[in-house]
Every structure is written in C-alpha cells, then in structure tokens.
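A.B. asks: Contents are CSV, C-alpha atoms and all ligand atoms; file name run_22.csv:
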chain,number,residue,atom,x,y,z
A,333,MET,CA,24.7,-19.5,0.9
A,334,ASP,CA,27.7,-21.9,0.3
A,335,ILE,CA,29.1,-22.7,-3.1
A,336,PHE,CA,32.2,-24.7,-3.7
A,337,ASN,CA,35.6,-23.6,-4.9
A,338,THR,CA,37.0,-26.5,-6.9
A,339,GLN,CA,40.1,-24.7,-8.2
A,340,ALA,CA,43.5,-26.2,-7.8
A,341,GLY,CA,42.0,-29.6,-7.1
A,342,ARG,CA,40.5,-28.5,-3.8
A,343,THR,CA,36.9,-28.4,-2.8
A,344,THR,CA,36.4,-25.7,-0.2
A,345,PRO,CA,33.1,-23.9,0.7
A,346,ILE,CA,33.0,-20.2,-0.1
A,347,GLU,CA,30.5,-18.0,1.8
A,348,VAL,CA,28.4,-15.9,-0.6
A,349,THR,CA,26.3,-13.1,0.9
A,350,PRO,CA,23.4,-12.1,-1.3
A,351,ALA,CA,23.4,-8.3,-2.2
A,352,PRO,CA,21.0,-6.4,0.0
A,353,ARG,CA,17.9,-5.4,-1.9
A,354,ARG,CA,15.9,-2.1,-1.6
A,355,ARG,CA,12.9,-2.3,0.6
A,356,ARG,CA,9.8,-2.8,-1.5
A,357,ILE,CA,6.4,-1.3,-0.6
A,358,ILE,CA,3.2,-1.7,-2.6
A,359,VAL,CA,0.9,1.3,-2.7
A,360,ALA,CA,-2.6,0.5,-3.9
A,361,LEU,CA,-5.2,3.2,-4.6
A,362,THR,CA,-8.9,2.2,-4.5
A,363,GLY,CA,-12.1,4.1,-5.2
A,364,ALA,CA,-12.8,5.6,-1.8
A,365,THR,CA,-12.6,9.4,-1.6
A,366,GLY,CA,-9.2,10.8,-0.7
A,367,SER,CA,-7.2,9.8,-3.7
A,368,ILE,CA,-4.7,12.5,-2.8
A,369,LEU,CA,-3.6,10.4,0.1
A,370,GLY,CA,-2.5,7.6,-2.2
A,371,ILE,CA,-0.8,10.0,-4.6
A,372,ARG,CA,1.1,11.8,-1.8
A,373,THR,CA,2.1,8.5,-0.2
A,374,SER,CA,3.7,7.6,-3.5
A,375,ILE,CA,5.5,11.0,-3.6
A,376,ALA,CA,6.6,10.7,0.0
A,377,LEU,CA,8.2,7.2,-0.6
A,378,ARG,CA,10.4,8.7,-3.3
A,379,ARG,CA,12.4,10.4,-0.6
A,380,PHE,CA,13.4,7.1,0.9
A,381,ASN,CA,15.5,4.3,-0.5
A,382,ILE,CA,12.3,2.3,-1.2
A,383,GLU,CA,11.2,0.6,-4.3
A,384,PRO,CA,7.5,1.6,-4.7
A,385,HIS,CA,5.1,-0.8,-6.6
A,386,LEU,CA,1.8,0.8,-7.6
A,387,ILE,CA,-1.7,-0.4,-8.4
A,388,ILE,CA,-4.6,1.9,-9.2
A,389,SER,CA,-8.2,0.4,-9.3
A,390,ARG,CA,-10.7,1.4,-11.9
A,391,TRP,CA,-12.7,3.5,-9.4
A,392,ALA,CA,-9.5,5.1,-8.0
A,393,GLU,CA,-8.9,6.3,-11.6
A,394,ALA,CA,-12.3,7.9,-11.4
A,395,THR,CA,-11.8,9.6,-8.0
A,396,VAL,CA,-8.3,10.8,-9.0
A,397,LYS,CA,-9.9,12.5,-12.0
A,398,TYR,CA,-12.8,13.9,-10.0
A,399,GLU,CA,-10.8,15.1,-6.9
A,400,THR,CA,-7.3,16.1,-8.2
A,401,ASP,CA,-5.4,17.7,-11.1
A,402,TYR,CA,-3.1,14.6,-11.4
A,403,THR,CA,-3.3,12.3,-14.4
A,404,ILE,CA,-3.0,8.5,-14.2
A,405,PRO,CA,0.3,8.5,-16.2
A,406,ASN,CA,1.7,11.2,-13.8
A,407,ILE,CA,0.9,9.0,-10.8
A,408,ARG,CA,2.2,5.8,-12.4
A,409,ALA,CA,5.5,7.6,-13.2
A,410,LEU,CA,6.0,8.1,-9.4
A,411,ALA,CA,6.6,4.3,-8.9
A,412,ASP,CA,9.4,2.1,-9.9
A,413,HIS,CA,6.8,-0.5,-11.1
A,414,ALA,CA,3.1,0.2,-11.9
A,415,TYR,CA,0.7,-2.6,-12.7
A,416,SER,CA,-2.7,-3.0,-14.2
A,417,ILE,CA,-5.2,-4.1,-11.6
A,418,HIS,CA,-6.1,-7.0,-13.9
A,419,ASP,CA,-2.5,-8.3,-14.1
A,420,MET,CA,-2.6,-11.4,-12.0
A,421,SER,CA,0.7,-12.5,-13.4
A,422,ALA,CA,2.5,-9.5,-11.9
A,423,PRO,CA,5.4,-10.4,-9.6
A,424,ILE,CA,3.6,-8.9,-6.5
A,425,ALA,CA,0.8,-11.5,-7.0
A,426,SER,CA,3.2,-14.2,-5.8
A,427,GLY,CA,4.6,-14.8,-2.3
A,428,SER,CA,7.9,-15.8,-3.7
A,429,PHE,CA,8.5,-12.1,-4.7
A,430,ARG,CA,9.6,-10.5,-1.5
A,431,VAL,CA,7.9,-7.3,-0.5
A,432,ASP,CA,8.1,-5.5,2.9
A,433,GLY,CA,4.5,-4.3,3.0
A,434,THR,CA,1.4,-3.0,1.3
A,435,ILE,CA,-0.5,0.2,1.9
A,436,VAL,CA,-4.0,0.4,0.5
A,437,VAL,CA,-4.7,4.1,0.6
A,438,PRO,CA,-7.4,5.1,0.4
A,439,CYS,CA,-9.1,1.8,1.0
A,440,SER,CA,-12.8,1.3,-0.1
A,441,MET,CA,-15.2,-0.8,1.8
A,442,LYS,CA,-15.4,-3.0,-1.2
A,443,THR,CA,-11.7,-3.8,-1.2
A,444,LEU,CA,-11.8,-4.2,2.6
A,445,ALA,CA,-14.5,-6.8,2.2
A,446,ALA,CA,-12.7,-8.6,-0.6
A,447,ILE,CA,-9.5,-8.8,1.5
A,448,ASN,CA,-11.5,-10.0,4.5
A,449,ALA,CA,-13.2,-12.7,2.4
A,450,GLY,CA,-9.9,-13.7,0.7
A,451,ILE,CA,-11.4,-13.0,-2.7
A,452,CYS,CA,-8.4,-12.4,-4.9
A,453,ASP,CA,-10.1,-11.4,-8.1
A,454,ASP,CA,-8.0,-8.4,-8.8
A,455,LEU,CA,-4.3,-7.5,-8.2
A,456,ILE,CA,-5.0,-5.3,-5.1
A,457,SER,CA,-6.9,-7.9,-3.2
A,458,ARG,CA,-4.4,-10.6,-4.3
A,459,ALA,CA,-1.4,-8.5,-3.3
A,460,ALA,CA,-3.0,-7.8,0.1
A,461,ASP,CA,-3.8,-11.5,0.5
A,462,VAL,CA,-0.2,-12.4,-0.2
A,463,VAL,CA,1.3,-10.0,2.3
A,464,LEU,CA,-1.1,-11.4,5.0
A,465,LYS,CA,-0.2,-15.0,4.2
A,466,GLU,CA,3.6,-14.1,4.2
A,467,ARG,CA,3.1,-12.3,7.5
A,468,ARG,CA,4.2,-9.0,6.1
A,469,LYS,CA,2.7,-5.6,7.0
A,470,LEU,CA,-0.6,-4.6,5.5
A,471,VAL,CA,-2.0,-1.1,6.2
A,472,LEU,CA,-5.6,-0.3,5.2
A,473,ALA,CA,-6.4,3.4,5.2
A,474,VAL,CA,-10.1,2.8,5.2
A,475,ARG,CA,-12.5,5.6,4.3
A,476,GLU,CA,-16.2,5.5,4.8
A,477,THR,CA,-18.7,7.2,7.1
A,478,PRO,CA,-20.8,6.3,8.9
A,479,LEU,CA,-19.8,2.7,9.4
A,480,SER,CA,-22.2,-0.3,9.2
A,481,SER,CA,-21.7,-3.4,11.3
A,482,ILE,CA,-20.5,-5.1,8.1
A,483,HIS,CA,-17.7,-2.6,7.7
A,484,LEU,CA,-16.8,-2.8,11.4
A,485,GLN,CA,-16.8,-6.7,11.4
A,486,ASN,CA,-14.6,-6.7,8.3
A,487,MET,CA,-12.2,-4.3,10.0
A,488,LEU,CA,-12.0,-6.5,13.1
A,489,SER,CA,-11.6,-9.6,11.1
A,490,VAL,CA,-8.7,-8.3,9.0
A,491,THR,CA,-7.1,-6.9,12.1
A,492,GLN,CA,-7.2,-10.4,13.6
A,493,ALA,CA,-5.6,-11.7,10.4
A,494,GLY,CA,-2.7,-9.3,10.9
A,495,ALA,CA,-3.7,-6.1,9.0
A,496,ILE,CA,-3.5,-2.6,10.5
A,497,ILE,CA,-6.6,-0.5,10.1
A,498,PHE,CA,-5.6,3.2,9.7
A,499,PRO,CA,-8.6,5.5,9.1
A,500,PRO,CA,-7.1,8.8,7.9
A,501,VAL,CA,-9.0,10.8,10.4
A,502,PRO,CA,-7.9,14.5,10.9
A,503,ALA,CA,-5.8,15.3,14.0
A,504,PHE,CA,-6.9,18.7,15.0
A,505,TYR,CA,-4.2,19.1,17.7
A,506,ILE,CA,-1.8,19.8,14.9
A,507,LYS,CA,-3.8,23.0,14.3
A,508,PRO,CA,-4.0,22.5,10.5
A,509,SER,CA,-4.0,25.6,8.4
A,510,CYS,CA,-4.9,23.8,5.2
A,511,ILE,CA,-5.8,20.3,3.8
A,512,ASP,CA,-2.2,19.7,2.9
A,513,ASP,CA,-1.3,19.8,6.6
A,514,LEU,CA,-3.9,17.1,7.3
A,515,VAL,CA,-2.7,15.0,4.4
A,516,ASP,CA,0.9,15.3,5.5
A,517,HIS,CA,0.0,14.2,9.0
A,518,SER,CA,-1.9,11.1,7.9
A,519,ILE,CA,0.8,10.1,5.5
A,520,GLY,CA,3.5,10.7,8.1
A,521,ARG,CA,1.6,8.5,10.6
A,522,ILE,CA,1.1,5.8,8.0
A,523,LEU,CA,4.8,5.8,7.1
A,524,ASP,CA,5.7,5.7,10.8
A,525,LEU,CA,4.3,2.2,10.7
A,526,PHE,CA,7.2,1.3,8.3
A,527,ASP,CA,9.8,3.2,10.4
A,528,LEU,CA,10.0,6.0,7.8
A,529,ASN,CA,10.0,9.5,9.2
A,530,THR,CA,8.8,12.0,6.7
A,531,GLY,CA,9.5,14.9,9.0
A,532,ASP,CA,6.5,16.6,7.5
A,533,PHE,CA,4.5,17.2,10.7
A,534,GLU,CA,5.0,18.3,14.2
A,535,ARG,CA,5.0,15.5,16.8
B,1,LIG,C1,-16.5,10.1,-5.9
B,1,LIG,C2,-16.6,8.8,-5.2
B,1,LIG,C3,-16.4,8.7,-3.9
B,1,LIG,C4,-16.5,7.4,-3.2
B,1,LIG,N1,-16.1,7.4,-1.9
B,1,LIG,C5,-16.1,6.2,-1.3
B,1,LIG,C6,-15.7,6.1,0.1
B,1,LIG,O1,-15.2,7.0,0.7
B,1,LIG,N2,-15.6,4.8,0.6
B,1,LIG,C7,-16.0,3.7,-0.1
B,1,LIG,O2,-15.9,2.6,0.5
B,1,LIG,N3,-16.5,3.8,-1.3
B,1,LIG,C8,-16.5,5.0,-2.0
B,1,LIG,N4,-16.9,5.1,-3.3
B,1,LIG,C9,-17.5,3.9,-3.9
B,1,LIG,C10,-16.3,3.0,-4.5
B,1,LIG,O3,-15.6,3.6,-5.5
B,1,LIG,C11,-17.0,1.7,-5.1
B,1,LIG,O4,-17.5,0.9,-4.0
B,1,LIG,C12,-16.0,0.8,-5.9
B,1,LIG,O5,-16.6,-0.3,-6.3
B,1,LIG,C13,-14.7,0.5,-5.1
B,1,LIG,O6,-14.0,-0.4,-5.9
B,1,LIG,P1,-12.4,-0.6,-5.7
B,1,LIG,O7,-12.2,-0.9,-4.2
B,1,LIG,O8,-12.0,-1.7,-6.6
B,1,LIG,O9,-11.7,0.7,-6.1
B,1,LIG,C14,-16.9,6.3,-3.9
B,1,LIG,C15,-17.2,6.4,-5.3
B,1,LIG,C16,-17.0,7.6,-5.9
B,1,LIG,C17,-17.3,7.7,-7.4
Can the structure in the file be given as structure tokens, please?

C.D. replies:
Amino acid sequence: MDIFNTQAGRTTPIEVTPAPRRRRIIVALTGATGSILGIRTSIALRRFNIEPHLIISRWAEATVKYETDYTIPNIRALADHAYSIHDMSAPIASGSFRVDGTIVVPCSMKTLAAINAGICDDLISRAADVVLKERRKLVLAVRETPLSSIHLQNMLSVTQAGAIIFPPVPAFYIKPSCIDDLVDHSIGRILDLFDLNTGDFER
C-alpha cells in the first residue's frame, strides 16, 4: 500500500507493509457422534500460532454432554473467539473477514446437506459457505454409517465445490492401544491438510 509523505513540501510515496496477521481457522462442532474430535482439534490448534474461531451447534452441545466430561464453557475457553450458532452478524459470516480455513469436526449429515444446498440458516453453514466462495480450505470430518445415496451425493457435490471430505475412520496400521491414539491420528491427519504437524502419531 502507498501513502504520501507531504512533509517539507514534498509529496513522495512511502511503502507501507501491513503487519502479518495470525492464521485463522474456524472449528465447528456439529451433532454427529465424535464430539471429542472437535474438542481435541481445538486443543491441538493451541500449540500453533493459530487464531481459533469456534462454533458449537445445539446438537453438538448435546453430544458433548453425552459423550465427554467437558463442559461447553470449557470448550469455548479453548478458542480466541467463540460464537453462538445463531449469530449471523459474527465476523466469520462475512467474506471480508479473512480466514484461512474451516474444519467441521465432527460433521453431521444435516450440516453436510445444508452446506451442499447453500442453505446458510446458521453460522456453521454460513461460515462454510463463505470459505467455499472465497476459495479457502473447507474440511468436513463427516460421520455417519452406513451411508445413503443422499449422503454420498452430497459428499461428491461439496467435493466438486472445493471441500475436502475427511471421514475420521480408524487407521489400524498405527496399532492403537486406546481411543486417544485413534483420535490423535485423525486430528493429526486433518491438521496435515493445513500444513500443521502435531507430531502426535507415527507416520
Ligand atoms: C448421540 C447422538 C449421536 C448422533 N450421531 C450422528 C452421527 O454420527 N451422524 C449424523 O449425521 N447425525 C448424528 N446425530 C443426529 C444429529 O445430531 C442431528 O441430525 C442434528 O440435527 C444435527 O444438527 P447439526 O448439524 O446442526 O448439529 C446424532 C444425534 C445424537 C443425539
């Protein structure tokens, strides 16, 4: 950016370099089973110089309660910024607010369908829509089994729009000794997509 130095009667351009900002990643938890994956992704991001932005859906709140010992305030405290899913005036609802990517983890079939259809009636589907339109990275850690043709078509269609479908399926070649090993592996592979190396699993 150029501004002008008009001191001493001279008008000379001065080069101004904007300060580099921290990379921003949105982490969105939806109501599919596997809420621990979203929680541990938020924890893992704290180790990097990343500014995490967090959204938790109503049904994610229910699965967190059902599946873990974490409380919603605990999880919200992991992020630099945490938003209500109803807050359509949040900065991340706008493409002019620069973010480097969004991870929906875990991602329900309902949110997958909303993203595919471009229905932006909550902050998660809107934030995902924005990263797609801005050609930023969108990773959907989809969780359902078995899969219907509706689910599969939605996954193909969002992939064609630029999203990355990342089902958090277990990798048995790591010889997991506990669920934590599987969680670490899935999160490590998700963060690989953002060039972030957790170092938490053997390659
Ligand atoms: C305990 C529990 C487990 C669920 N597991 C899944 C799942 O694995 N995949 C899925 O698509 N929906 C699952 N659901 C249903 C979703 O929560 C439901 O479709 C909800 O509307 C998703 O909304 P959201 O995407 O806004 O969070 C589960 C619901 C509960 C209560």

A.B. asks: Neighbouring residues of Ile358 (chain A) were defined as those with any atom within 8 Å, considering all atoms listed in the file; residues of the same chain fewer than 3 positions away were excluded. Please report them as a list in words.

C.D. replies: Pro384, His385, Leu386, Ile387, Val431, Gly433, Thr434 and Ile435 of chain A

A.B. asks: Store the residues of this selection in a file with C-alpha atoms, as a PDB file, keeping the file's coordinate frame.

C.D. replies:
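Produced file selection35.pdb, reproduced below:
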ATOM      1  CA  PRO A 384       7.500   1.600  -4.700  1.00  0.00           C
ATOM      2  CA  HIS A 385       5.100  -0.800  -6.600  1.00  0.00           C
ATOM      3  CA  LEU A 386       1.800   0.800  -7.600  1.00  0.00           C
ATOM      4  CA  ILE A 387      -1.700  -0.400  -8.400  1.00  0.00           C
ATOM      5  CA  VAL A 431       7.900  -7.300  -0.500  1.00  0.00           C
ATOM      6  CA  GLY A 433       4.500  -4.300   3.000  1.00  0.00           C
ATOM      7  CA  THR A 434       1.400  -3.000   1.300  1.00  0.00           C
ATOM      8  CA  ILE A 435      -0.500   0.200   1.900  1.00  0.00           C
TER       9      ILE A 435
END

A.B. asks: Would you give me, as CSV, each residue of chain A having an atom within 7 Å of an atom of ligand LIG 1 (chain B), along with its shortest atom pair and that distance in Å to one decimal, using only C-alpha atoms and all ligand atoms and sorting by chain and residue number?

C.D. replies:
residue,atom,partner,partner_atom,distance
A:Thr362,CA,B:LIG1,O9,3.6
A:Gly363,CA,B:LIG1,O9,3.5
A:Ala364,CA,B:LIG1,C5,3.4
A:Thr365,CA,B:LIG1,N1,4.0
A:Ser389,CA,B:LIG1,O9,4.8
A:Arg390,CA,B:LIG1,O9,5.9
A:Trp391,CA,B:LIG1,O9,4.4
A:Ala392,CA,B:LIG1,O9,5.3
A:Ala394,CA,B:LIG1,C17,6.4
A:Thr395,CA,B:LIG1,C1,5.2
A:Tyr398,CA,B:LIG1,C1,6.7
A:Cys439,CA,B:LIG1,O7,6.6
A:Ser440,CA,B:LIG1,O2,3.4
A:Met441,CA,B:LIG1,O2,3.7
A:Lys442,CA,B:LIG1,O7,4.9
A:Thr443,CA,B:LIG1,O7,4.2
A:Arg475,CA,B:LIG1,O1,4.7
A:Glu476,CA,B:LIG1,N2,4.3

A.B. asks: If I take CA of Asp454 (chain A) and CA of Asp419 (chain A), how far is one from the other in Å, to one decimal?

C.D. replies: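 Interatomic distance, CA of Asp454 (chain A) to CA of Asp419 (chain A): 7.6 Å.
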
A.B. asks: So that I can see what lies close to region 521-534 of chain A, please list as a list in words the residues with an atom at most 8 Å from it, counting only C-alpha atoms and leaving out residues fewer than 4 positions away in the same chain.

C.D. replies: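 Selected residues are Ala376, Phe380, Val471, Phe498, Ile506, Asp513, Asp516 and His517 of chain A.
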
A.B. asks: For each of A:Leu369, A:Ala360, A:Ile447, A:Ile496, take the minimum atom-to-atom distance to Arg468 (chain A), counting all atoms listed in the file, then give the residue where this is smallest.

C.D. replies: A:Ile496

A.B. asks: Which residue is closest to Asn381 (chain A)? Choose from A:Leu470, A:Val396, A:Ile357, A:Leu455 and count all atoms listed in the file.

C.D. replies: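 Closest residue, counting all atoms listed in the file: A:Ile357.
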
A.B. asks: Which residue, A:Ile407, A:Ala495, A:Ile511, A:Leu484, has the smallest gap to Gly370 (chain A) when you use all atoms listed in the file?

C.D. replies: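 For Gly370 (chain A), the nearest of the given residues is A:Ile407.
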
A.B. asks: With distances taken over all atoms listed in the file, which residue among A:Lys507, A:Arg467, A:Arg535, A:Arg458 lies nearest Ala425 (chain A)?

C.D. replies: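 Selected residue with least distance to Ala425 (chain A): A:Arg458.
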
A.B. asks: List the neighbours of Pro500 (chain A) out to 7 Å using all atoms listed in the file; skip same-chain residues closer than 2 positions along the sequence, and give me the result as a count of residues only.

C.D. replies: 4

A.B. asks: How far is it from CA of Leu464 (chain A) to CA of Ser421 (chain A), in Å with one decimal?

C.D. replies: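 For CA of Leu464 (chain A) relative to CA of Ser421 (chain A), the distance reads 18.5 Å.
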
A.B. asks: Taking all atoms listed in the file into account, which of A:Gln492, A:Asn448, A:Thr477, A:Ser426 comes nearest Val463 (chain A)?

C.D. replies: A:Ser426

A.B. asks: Determine the nearest neighbour of His483 (chain A) from the options A:Ala446, A:Pro423, A:Leu410, A:Ala460, counting only C-alpha atoms.

C.D. replies: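 Closest to His483 (chain A), using only C-alpha atoms: A:Ala446.
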
A.B. asks: Hey, can you check how far CA of Glu466 (chain A) sits from CA of Leu444 (chain A)?

C.D. replies: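 Answer for the CA of Glu466 (chain A) to CA of Leu444 (chain A) separation: 18.4 Å.
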
A.B. asks: If you count all atoms listed in the file, which residues fall within 10 Å of Ile368 (chain A), apart from same-chain ones fewer than 4 positions away, as a compact mmCIF listing (two decimals) with C-alpha atoms, in the frame of the given file?

C.D. replies:
# COMPACT_ATOMS: atom_id res chain seq x y z
CA LEU A 361 -5.20 3.20 -4.60
CA ARG A 372 1.10 11.80 -1.80
CA THR A 373 2.10 8.50 -0.20
CA SER A 374 3.70 7.60 -3.50
CA THR A 395 -11.80 9.60 -8.00
CA VAL A 396 -8.30 10.80 -9.00
CA GLU A 399 -10.80 15.10 -6.90
CA THR A 400 -7.30 16.10 -8.20
CA ASP A 401 -5.40 17.70 -11.10
CA TYR A 402 -3.10 14.60 -11.40
CA VAL A 437 -4.70 4.10 0.60
CA PRO A 438 -7.40 5.10 0.40
CA ASP A 512 -2.20 19.70 2.90
CA VAL A 515 -2.70 15.00 4.40
